[in-house]
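See below for start27.cif, which holds mmCIF, C-alpha atoms and all ligand atoms.
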data_structure
loop_
_atom_site.label_atom_id
_atom_site.label_comp_id
_atom_site.auth_asym_id
_atom_site.auth_seq_id
_atom_site.Cartn_x
_atom_site.Cartn_y
_atom_site.Cartn_z
CA MET A 1073 0.39 -3.92 -3.57
CA THR A 1074 2.96 -5.85 -1.63
CA GLU A 1075 3.57 -2.86 0.60
CA ARG A 1076 6.06 -4.22 3.08
CA ALA A 1077 7.85 -1.34 4.69
CA ASP A 1078 6.42 2.11 5.35
CA THR A 1079 7.43 3.37 1.94
CA PRO A 1080 5.82 6.59 0.78
CA ALA A 1081 7.79 6.72 -2.45
CA ALA A 1082 9.53 4.23 -4.69
CA SER A 1083 12.97 3.16 -3.54
CA PRO A 1084 16.02 3.72 -5.73
CA ALA A 1085 17.45 1.01 -7.98
CA PRO A 1086 18.75 -2.10 -6.21
CA ALA A 1087 21.78 -1.13 -4.15
CA SER A 1088 23.89 -4.10 -5.18
CA ALA A 1089 22.80 -3.89 -8.80
CA THR A 1090 25.34 -4.70 -11.43
CA ALA A 1091 24.76 -2.89 -14.70
CA ASP A 1092 24.38 -6.17 -16.62
CA GLU A 1093 21.89 -7.79 -14.27
CA TYR A 1094 19.54 -4.85 -13.87
CA ALA A 1095 19.99 -2.61 -16.91
CA TRP A 1096 16.75 -3.96 -18.43
CA LEU A 1097 14.67 -2.84 -15.44
CA VAL A 1098 14.58 0.77 -16.60
CA GLY A 1099 11.88 2.38 -18.71
CA PHE A 1100 8.91 3.01 -16.41
CA GLU A 1101 8.09 6.68 -16.15
CA GLY A 1102 6.63 7.24 -12.74
CA ASP A 1103 6.53 5.90 -9.24
CA TRP A 1104 6.08 2.25 -8.24
CA ARG A 1105 2.72 3.32 -6.81
CA ASP A 1106 1.60 4.27 -10.31
CA THR A 1107 1.61 0.54 -11.09
CA TRP A 1108 -1.14 -0.04 -8.50
CA TRP A 1109 -4.02 1.35 -10.51
CA ASN A 1110 -5.72 1.05 -13.86
CA ARG A 1111 -6.80 4.53 -14.97
CA ASP A 1112 -10.12 3.31 -16.36
CA PHE A 1113 -10.90 1.61 -13.03
CA LEU A 1114 -10.22 4.87 -11.16
CA ASP A 1115 -12.48 6.63 -13.63
CA LEU A 1116 -15.23 4.09 -12.93
CA MET A 1117 -14.77 4.48 -9.16
CA ALA A 1118 -14.86 8.26 -9.48
CA ARG A 1119 -18.23 8.01 -11.22
CA ARG A 1120 -19.56 5.48 -8.69
CA LEU A 1121 -18.51 7.72 -5.80
CA ASP A 1122 -19.45 10.99 -7.51
CA LEU A 1123 -15.96 12.39 -6.94
CA GLY A 1124 -16.56 15.06 -9.57
CA ALA A 1125 -18.75 16.87 -7.03
CA VAL A 1126 -15.96 17.05 -4.41
CA HIS A 1127 -14.73 20.59 -3.67
CA ALA A 1128 -12.78 20.11 -0.44
CA ALA A 1129 -10.70 16.95 0.02
CA LEU A 1130 -8.43 15.57 2.73
CA ASP A 1131 -5.63 13.00 2.20
CA VAL A 1132 -4.63 11.47 5.55
CA GLY A 1133 -1.12 10.01 5.84
CA CYS A 1134 -0.37 11.63 2.50
CA GLY A 1135 3.32 10.71 2.42
CA VAL A 1136 4.87 12.60 -0.49
CA GLY A 1137 1.37 13.28 -1.84
CA HIS A 1138 1.09 10.47 -4.32
CA TRP A 1139 -2.49 9.31 -3.63
CA GLY A 1140 -3.91 12.83 -3.46
CA ARG A 1141 -2.28 13.76 -6.78
CA THR A 1142 -3.66 10.54 -8.32
CA LEU A 1143 -7.20 11.46 -7.26
CA LEU A 1144 -7.14 15.20 -7.88
CA PRO A 1145 -7.94 14.96 -11.64
CA PHE A 1146 -11.16 13.09 -10.76
CA LEU A 1147 -12.43 15.74 -8.31
CA HIS A 1148 -14.23 18.98 -9.22
CA PRO A 1149 -11.89 21.10 -11.43
CA GLU A 1150 -11.68 23.70 -8.66
CA ALA A 1151 -11.34 21.22 -5.80
CA THR A 1152 -8.68 21.84 -3.19
CA LEU A 1153 -6.88 19.14 -1.24
CA VAL A 1154 -5.26 19.18 2.20
CA GLY A 1155 -2.69 16.48 2.93
CA ILE A 1156 -1.45 15.63 6.41
CA ASP A 1157 1.35 13.34 7.50
CA GLN A 1158 3.26 12.77 10.73
CA GLU A 1159 6.63 12.92 8.92
CA ALA A 1160 7.83 16.45 8.30
CA SER A 1161 10.22 15.41 5.51
CA PHE A 1162 7.34 13.79 3.56
CA VAL A 1163 5.23 16.93 3.96
CA THR A 1164 8.09 19.02 2.55
CA GLN A 1165 8.45 16.65 -0.39
CA ALA A 1166 4.68 16.62 -0.98
CA SER A 1167 4.69 20.43 -1.21
CA ALA A 1168 7.68 20.38 -3.60
CA GLN A 1169 6.03 17.77 -5.81
CA ALA A 1170 2.76 19.73 -5.89
CA GLU A 1171 4.80 22.73 -7.04
CA ALA A 1172 6.51 20.62 -9.71
CA HIS A 1173 3.10 19.38 -10.97
CA ALA A 1174 1.66 22.94 -11.02
CA LEU A 1175 -0.78 21.98 -8.25
CA ALA A 1176 0.49 24.28 -5.51
CA SER A 1177 -2.56 26.58 -5.69
CA ARG A 1178 -4.94 23.65 -5.10
CA THR A 1179 -3.02 21.72 -2.46
CA SER A 1180 -1.60 22.32 0.99
CA TYR A 1181 0.34 19.95 3.18
CA ARG A 1182 1.03 19.99 6.88
CA VAL A 1183 2.42 17.87 9.68
CA ALA A 1184 -0.27 16.27 11.83
CA GLN A 1185 -1.41 13.02 13.39
CA ALA A 1186 -4.19 11.06 11.74
CA GLU A 1187 -5.66 10.58 15.22
CA ALA A 1188 -5.99 14.36 15.78
CA LEU A 1189 -6.69 16.04 12.47
CA PRO A 1190 -6.07 19.81 12.45
CA LEU A 1191 -9.43 20.52 10.79
CA PRO A 1192 -12.76 21.68 12.22
CA ASP A 1193 -15.77 19.38 12.43
CA ALA A 1194 -17.74 19.00 9.18
CA SER A 1195 -15.21 20.92 7.08
CA VAL A 1196 -14.51 18.67 4.04
CA ASP A 1197 -16.73 16.75 1.66
CA PHE A 1198 -14.23 13.97 0.94
CA ALA A 1199 -11.64 12.29 3.18
CA THR A 1200 -9.36 9.50 2.03
CA CYS A 1201 -6.23 7.53 2.79
CA GLN A 1202 -4.17 4.88 1.04
CA THR A 1203 -2.03 2.29 2.87
CA VAL A 1204 -2.10 4.25 6.13
CA LEU A 1205 -4.51 2.40 8.43
CA MET A 1206 -2.33 -0.70 7.97
CA HIS A 1207 0.34 1.19 9.96
CA VAL A 1208 -1.71 2.62 12.85
CA ALA A 1209 -2.41 1.02 16.24
CA ASP A 1210 -6.11 1.92 16.31
CA PRO A 1211 -7.65 2.16 12.82
CA LEU A 1212 -11.17 2.71 14.23
CA ARG A 1213 -9.96 5.82 16.03
CA VAL A 1214 -8.59 7.24 12.76
CA ILE A 1215 -11.77 6.36 10.85
CA ARG A 1216 -13.84 8.14 13.52
CA GLU A 1217 -11.55 11.16 13.28
CA MET A 1218 -11.91 11.25 9.50
CA ARG A 1219 -15.67 11.01 9.90
CA ARG A 1220 -15.60 13.94 12.34
CA VAL A 1221 -14.23 16.31 9.69
CA LEU A 1222 -16.72 15.19 7.00
CA ARG A 1223 -19.76 17.32 6.27
CA PRO A 1224 -23.10 15.46 6.54
CA GLY A 1225 -23.29 13.38 3.37
CA GLY A 1226 -19.53 13.66 2.85
CA ARG A 1227 -17.65 10.62 1.58
CA LEU A 1228 -14.88 8.60 3.20
CA LEU A 1229 -12.75 6.39 0.90
CA VAL A 1230 -10.11 4.13 2.43
CA VAL A 1231 -7.71 1.98 0.39
CA GLU A 1232 -5.92 -0.78 2.31
CA PRO A 1233 -4.59 -4.26 1.54
CA ASN A 1234 -5.06 -7.79 2.75
CA ASN A 1235 -1.38 -8.75 2.58
CA PHE A 1236 -1.99 -12.23 4.00
CA ALA A 1237 -4.17 -13.07 1.00
CA GLU A 1238 -1.64 -11.51 -1.34
CA LYS A 1239 1.21 -13.50 0.19
CA ALA A 1240 -0.80 -16.69 -0.39
CA ALA A 1241 -1.32 -15.68 -4.02
CA MET A 1242 2.39 -15.05 -4.52
CA LEU A 1243 3.34 -18.36 -2.90
CA VAL A 1244 1.15 -20.33 -5.29
CA ALA A 1245 3.56 -19.40 -8.09
CA ALA A 1246 6.78 -19.20 -6.04
CA PRO A 1247 9.49 -21.19 -7.78
CA GLY A 1248 11.04 -24.23 -6.12
CA LEU A 1249 8.96 -24.48 -2.94
CA SER A 1250 7.21 -27.59 -1.71
CA ARG A 1251 3.66 -27.41 -0.35
CA ALA A 1252 4.99 -27.73 3.21
CA GLU A 1253 7.39 -24.82 2.59
CA ARG A 1254 4.64 -22.62 1.16
CA LEU A 1255 2.54 -23.32 4.25
CA ALA A 1256 5.52 -22.64 6.54
CA LEU A 1257 5.99 -19.23 4.90
CA LEU A 1258 2.29 -18.50 5.39
CA THR A 1259 2.71 -19.36 9.07
CA LEU A 1260 5.62 -16.90 9.22
CA GLU A 1261 3.43 -14.28 7.52
CA ALA A 1262 0.51 -14.83 9.92
CA THR A 1263 2.75 -14.80 13.00
CA CYS A 1264 4.50 -11.58 11.93
CA GLU A 1265 1.15 -9.92 11.17
CA ASP A 1266 -0.03 -10.92 14.67
CA GLY A 1267 3.21 -9.49 16.09
CA LYS A 1268 2.79 -6.21 14.23
CA ARG A 1269 -0.71 -5.87 15.70
CA ALA A 1270 0.48 -6.84 19.18
CA LEU A 1271 3.20 -4.18 19.06
CA GLY A 1272 0.68 -1.52 18.01
CA ARG A 1273 2.30 -1.06 14.60
CA GLY A 1274 -0.82 -1.80 12.61
CA ASP A 1275 -2.42 -4.64 10.71
CA SER A 1276 -1.04 -5.52 7.26
CA SER A 1277 -4.37 -7.13 6.39
CA VAL A 1278 -6.60 -4.40 7.84
CA GLY A 1279 -8.45 -4.14 4.52
CA GLU A 1280 -10.43 -7.24 5.49
CA HIS A 1281 -11.85 -5.47 8.57
CA LEU A 1282 -12.67 -2.10 7.03
CA PRO A 1283 -16.40 -2.61 6.33
CA THR A 1284 -16.94 -3.60 9.98
CA LEU A 1285 -14.90 -0.64 11.21
CA PHE A 1286 -16.87 1.74 8.96
CA GLN A 1287 -20.09 0.41 10.46
CA GLU A 1288 -18.74 0.83 14.00
CA ALA A 1289 -17.78 4.42 13.16
CA GLY A 1290 -21.39 5.13 12.16
CA LEU A 1291 -20.82 5.56 8.43
CA VAL A 1292 -23.72 4.73 6.13
CA GLY A 1293 -24.06 3.58 2.52
CA ILE A 1294 -20.95 1.42 2.89
CA GLN A 1295 -19.59 0.05 -0.38
CA VAL A 1296 -16.72 -2.42 -0.78
CA HIS A 1297 -14.73 -2.77 -3.99
CA GLN A 1298 -11.40 -4.23 -5.02
CA SER A 1299 -8.85 -2.69 -7.31
CA ASP A 1300 -8.88 -4.62 -10.58
CA LYS A 1301 -5.10 -4.27 -10.91
CA CYS A 1302 -2.86 -7.31 -10.63
CA ALA A 1303 0.93 -7.18 -10.50
CA ALA A 1304 1.11 -9.91 -13.14
CA LEU A 1305 4.59 -10.92 -14.26
CA LEU A 1306 4.97 -12.50 -17.67
CA PRO A 1307 8.40 -13.00 -19.26
CA PRO A 1308 10.08 -11.24 -20.95
CA TYR A 1309 8.35 -8.44 -18.99
CA GLU A 1310 7.87 -6.15 -21.97
CA ALA A 1311 5.42 -3.87 -20.16
CA PRO A 1312 7.41 -1.13 -18.39
CA GLU A 1313 5.22 -1.49 -15.31
CA GLN A 1314 6.18 -5.15 -14.98
CA ARG A 1315 9.83 -4.10 -14.98
CA GLU A 1316 9.01 -1.46 -12.35
CA GLU A 1317 7.32 -4.11 -10.19
CA LEU A 1318 10.39 -6.35 -10.50
CA ARG A 1319 12.71 -3.41 -9.78
CA GLN A 1320 10.87 -2.73 -6.50
CA MET A 1321 10.85 -6.42 -5.46
CA LEU A 1322 14.57 -6.85 -6.29
CA THR A 1323 15.41 -3.67 -4.39
CA TRP A 1324 13.83 -5.16 -1.29
CA ILE A 1325 15.44 -8.56 -1.79
CA ASP A 1326 18.90 -7.05 -2.31
CA GLY A 1327 18.34 -4.92 0.80
CA GLY A 1328 17.76 -8.07 2.86
CA VAL A 1329 14.02 -7.43 3.16
CA TRP A 1330 11.71 -10.46 3.04
CA LEU A 1331 8.74 -10.22 0.69
CA GLY A 1332 6.44 -10.82 3.63
CA ALA A 1333 4.98 -9.07 6.65
CA GLY A 1334 8.38 -8.55 8.26
CA GLY A 1335 11.36 -6.66 6.92
CA THR A 1336 15.03 -7.30 7.57
CA ARG A 1337 16.02 -10.34 9.61
CA ASP A 1338 15.99 -8.45 12.93
CA GLU A 1339 12.69 -6.74 12.19
CA THR A 1340 11.09 -10.00 11.11
CA GLN A 1341 12.36 -11.82 14.20
CA ALA A 1342 10.99 -9.10 16.49
CA LEU A 1343 7.54 -9.38 14.86
CA PHE A 1344 7.66 -13.18 14.89
CA LEU A 1345 8.40 -13.28 18.63
CA ALA A 1346 5.82 -10.59 19.42
CA GLY A 1347 3.30 -12.67 17.48
CA GLY A 1348 3.89 -15.65 19.73
CA GLY A 1349 6.25 -17.53 17.41
CA ASP A 1350 8.51 -20.17 18.97
CA PRO A 1351 12.08 -18.74 19.09
CA ALA A 1352 13.41 -22.20 18.16
CA ASP A 1353 11.54 -22.08 14.83
CA PHE A 1354 12.77 -18.72 13.62
CA ASP A 1355 16.15 -19.56 12.08
CA ALA A 1356 14.72 -22.29 9.86
CA LEU A 1357 11.83 -20.04 8.74
CA TRP A 1358 14.19 -17.16 7.98
CA THR A 1359 16.46 -19.46 5.95
CA LEU A 1360 13.40 -20.55 4.00
CA ALA A 1361 12.33 -16.92 3.49
CA LEU A 1362 15.78 -16.11 2.10
CA ARG A 1363 15.57 -19.12 -0.21
CA GLU A 1364 12.17 -17.92 -1.45
CA ALA A 1365 13.64 -14.47 -2.11
CA GLN A 1366 16.73 -15.75 -3.90
CA ALA A 1367 14.65 -18.10 -6.06
CA PHE A 1368 12.43 -15.12 -6.97
CA ARG A 1369 15.51 -13.05 -7.84
CA GLU A 1370 17.16 -15.75 -9.94
CA ALA A 1371 13.96 -16.56 -11.83
CA ALA A 1372 13.36 -12.86 -12.52
CA ILE A 1373 16.86 -12.39 -13.92
CA ALA A 1374 16.56 -15.60 -15.94
CA ARG A 1375 13.18 -14.29 -17.23
CA THR A 1376 11.34 -17.41 -16.09
CA LEU A 1377 9.31 -15.93 -13.22
CA SER A 1378 5.62 -15.59 -13.96
CA GLY A 1379 2.31 -15.38 -12.20
CA ALA A 1380 -0.96 -13.45 -11.99
CA ARG A 1381 -0.01 -12.15 -8.51
CA GLY A 1382 -3.42 -10.87 -7.58
CA ILE A 1383 -3.35 -7.74 -5.49
CA THR A 1384 -5.87 -7.83 -2.70
CA CYS A 1385 -6.44 -4.14 -2.27
CA TYR A 1386 -9.82 -3.02 -0.99
CA LEU A 1387 -11.51 0.30 -1.58
CA VAL A 1388 -14.09 0.83 1.15
CA SER A 1389 -16.32 3.88 1.11
CA GLY A 1390 -19.13 5.27 3.19
CA ARG A 1391 -20.96 8.51 3.94
CA ALA A 1392 -21.24 10.60 7.06
CA PRO A 1393 -24.95 10.58 8.03
C1 LIG B 1401 2.85 3.69 3.20
S1 LIG B 1401 2.82 5.40 3.37
C2 LIG B 1401 1.48 5.86 2.27
C3 LIG B 1401 1.61 7.27 1.76
C4 LIG B 1401 0.50 7.73 0.83
N1 LIG B 1401 -0.80 7.57 1.45
C5 LIG B 1401 0.54 7.02 -0.49
O1 LIG B 1401 -0.27 6.14 -0.72
O2 LIG B 1401 1.41 7.34 -1.32
C6 LIG B 1401 2.08 5.61 4.98
C7 LIG B 1401 2.12 7.04 5.43
O3 LIG B 1401 1.30 7.20 6.56
C8 LIG B 1401 1.96 8.05 7.47
N2 LIG B 1401 1.41 7.77 8.80
C9 LIG B 1401 1.42 6.58 9.43
N3 LIG B 1401 0.80 6.68 10.63
C10 LIG B 1401 0.39 7.97 10.75
C11 LIG B 1401 -0.33 8.70 11.74
N4 LIG B 1401 -0.73 8.10 12.87
N5 LIG B 1401 -0.58 9.99 11.53
C12 LIG B 1401 -0.16 10.60 10.39
N6 LIG B 1401 0.51 9.96 9.41
C13 LIG B 1401 0.78 8.66 9.58
C14 LIG B 1401 3.42 7.71 7.31
O4 LIG B 1401 4.26 8.74 7.78
C15 LIG B 1401 3.51 7.50 5.80
O5 LIG B 1401 3.81 8.67 5.12
#

Turn this file's structure into structure tokens for me.
Amino acid sequence: MTERADTPAASPAPASATADEYAWLVGFEGDWRDTWWNRDFLDLMARRLDLGAVHAALDVGCGVGHWGRTLLPFLHPEATLVGIDQEASFVTQASAQAEAHALASRTSYRVAQAEALPLPDASVDFATCQTVLMHVADPLRVIREMRRVLRPGGRLLVVEPNNFAEKAAMLVAAPGLSRAERLALLTLEATCEDGKRALGRGDSSVGEHLPTLFQEAGLVGIQVHQSDKCAALLPPYEAPEQREELRQMLTWIDGGVWLGAGGTRDETQALFLAGGGDPADFDALWTLALREAQAFREAAIARTLSGARGITCYLVSGRAP
């Protein structure tokens, strides 16, 4: 789950793709987010969290509805789900996709802020979000708000990454980088994550803090799990989901987006400076980040890139007392 930009749905094929270089990346039926989960793991989690008993669910920061639709089959067969998102265009798409999946009668989507949910107190028995708290200024406030709408005994499930740990995992297998360069890129990652927090744009590694935040919000029975899915890459990438993972990474690289906490050059520089980075260091770090990205791209196209690429994605759950 190298979620780098605020991307609710998979991006299109790489913009600068030539047919020859990227033709082999096709074949995965679904969204990049479908590569994040093993079905049998979700089934296990659903049993652990007794999701089959859920009748009324809430998906906060639902985007185009992907996470809610992923979970719906695990809830009670008659369960209904409300999705909210601050972006009106995503809400429209979520409704259209629910229609397309014959789920319109069980789902409803509306525009709202996670910090001020348009639901009464104690009105749902399950509230959840996926890769949303990593984008908000005050995750504790959102967790408290989600707790407010839970019935006593209701369950909160939050899925968020530790992207700093994931970046370290990716760098272990990054082609052509010295140890000093890997550490320099981790410094860039840490500084940009600090900058993102300082600017109130969220914490890309918020997953690490969730159990503490749940406790502060007064939730009980807190459980912490990790998704068992890794974005492993093994040439010649026969599994369609490996090709989908590469397609997403190459889309970002070709769009000038670093596979780190930043984004484009300007976005990364803004985060780096806000995080207290020395302006004199930025150009050299950005050149290194581009070299990392190009080495990734060339090794992928040459079918030599490989690695376990562990995904540090936490699932933290708790109950309203
Ligand atoms: C990375 S997307 C995840 C979408 C969806 N949860 C999924 O996993 O497919 C983050 C979403 O959170 C929404 N979001 C971020 N901050 C929000 C806030 N304060 N209130 C409501 N929605 C928010 C964004 O508009 C975006 O759709």

The residue from A:Pro1224, A:Gly1293, A:Gly1348, A:Pro1190 with the smallest atom-to-atom distance to Lys1268 of chain A, counting only C-alpha atoms, is A:Gly1348

**Message:** Just want the 9 Å neighbourhood of Tyr1309 of chain A, counted on all atoms listed in the file, with same-chain residues fewer than 5 positions away dropped. Output as a PyMOL selection string.
**Reply:** chain A and resi 1314-1315+1318+1375

List every residue of chain A that has an atom at most 7 Å from any atom of ligand LIG 1401 (chain B), giving for each one its closest atom pair and the distance in Å to one decimal, counting all atoms listed in the file, sorted by chain and then by ascending residue number, as a tab-separated table.
residue	atom	partner	partner_atom	distance
A:Asp1078	CA	B:LIG1401	C1	4.5
A:Thr1079	CA	B:LIG1401	C1	4.8
A:Pro1080	CA	B:LIG1401	S1	4.1
A:Ala1081	CA	B:LIG1401	O2	6.5
A:Arg1105	CA	B:LIG1401	O2	6.9
A:Val1132	CA	B:LIG1401	N6	6.6
A:Gly1133	CA	B:LIG1401	O3	3.8
A:Cys1134	CA	B:LIG1401	N1	4.2
A:Gly1135	CA	B:LIG1401	O5	3.4
A:Val1136	CA	B:LIG1401	O2	6.4
A:Gly1137	CA	B:LIG1401	O2	6.0
A:His1138	CA	B:LIG1401	O2	4.3
A:Trp1139	CA	B:LIG1401	O1	4.8
A:Ile1156	CA	B:LIG1401	C12	6.5
A:Asp1157	CA	B:LIG1401	N6	4.0
A:Gln1158	CA	B:LIG1401	C12	4.1
A:Glu1159	CA	B:LIG1401	O4	4.9
A:Phe1162	CA	B:LIG1401	O5	6.4
A:Ala1184	CA	B:LIG1401	C12	5.9
A:Gln1185	CA	B:LIG1401	N5	3.7
A:Ala1186	CA	B:LIG1401	N5	3.8
A:Glu1187	CA	B:LIG1401	N4	6.0
A:Cys1201	CA	B:LIG1401	N1	5.6
A:Gln1202	CA	B:LIG1401	N1	4.3
A:Thr1203	CA	B:LIG1401	C2	5.0
A:Val1204	CA	B:LIG1401	O3	4.5
A:His1207	CA	B:LIG1401	C9	5.5
A:Val1208	CA	B:LIG1401	N3	5.3

- Item | Glu1317 of chain A surroundings by only C-alpha atoms, 10 Å radius, close-in-sequence under 6 positions cut, as a list in words | Met1073, Thr1074, Leu1097, Phe1100, Trp1104, Arg1105, Thr1107, Trp1108, Ala1303, Ala1304, Leu1305, Tyr1309 and Thr1323 of chain A

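With all atoms listed in the file as the atoms that count, the minimum distance from Leu1271 of chain A to the choices A:Ala1311, A:Leu1360, A:Leu1343, A:Ala1372 is reached by A:Leu1343.
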
What is the atom CA of Thr1152 of chain A to atom CA of Ala1128 of chain A distance in Å?
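So the answer is 5.2 Å.
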
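Among the candidate residues A:Ala1333, A:Leu1175, A:Ala1371, A:Ala1262, the one lying nearest to Pro1308 of chain A is A:Ala1371, with distances computed using only C-alpha atoms.
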
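Across the structure, atom CA of Asp1275 of chain A and atom CA of Asp1115 of chain A are spaced 28.6 Å apart.
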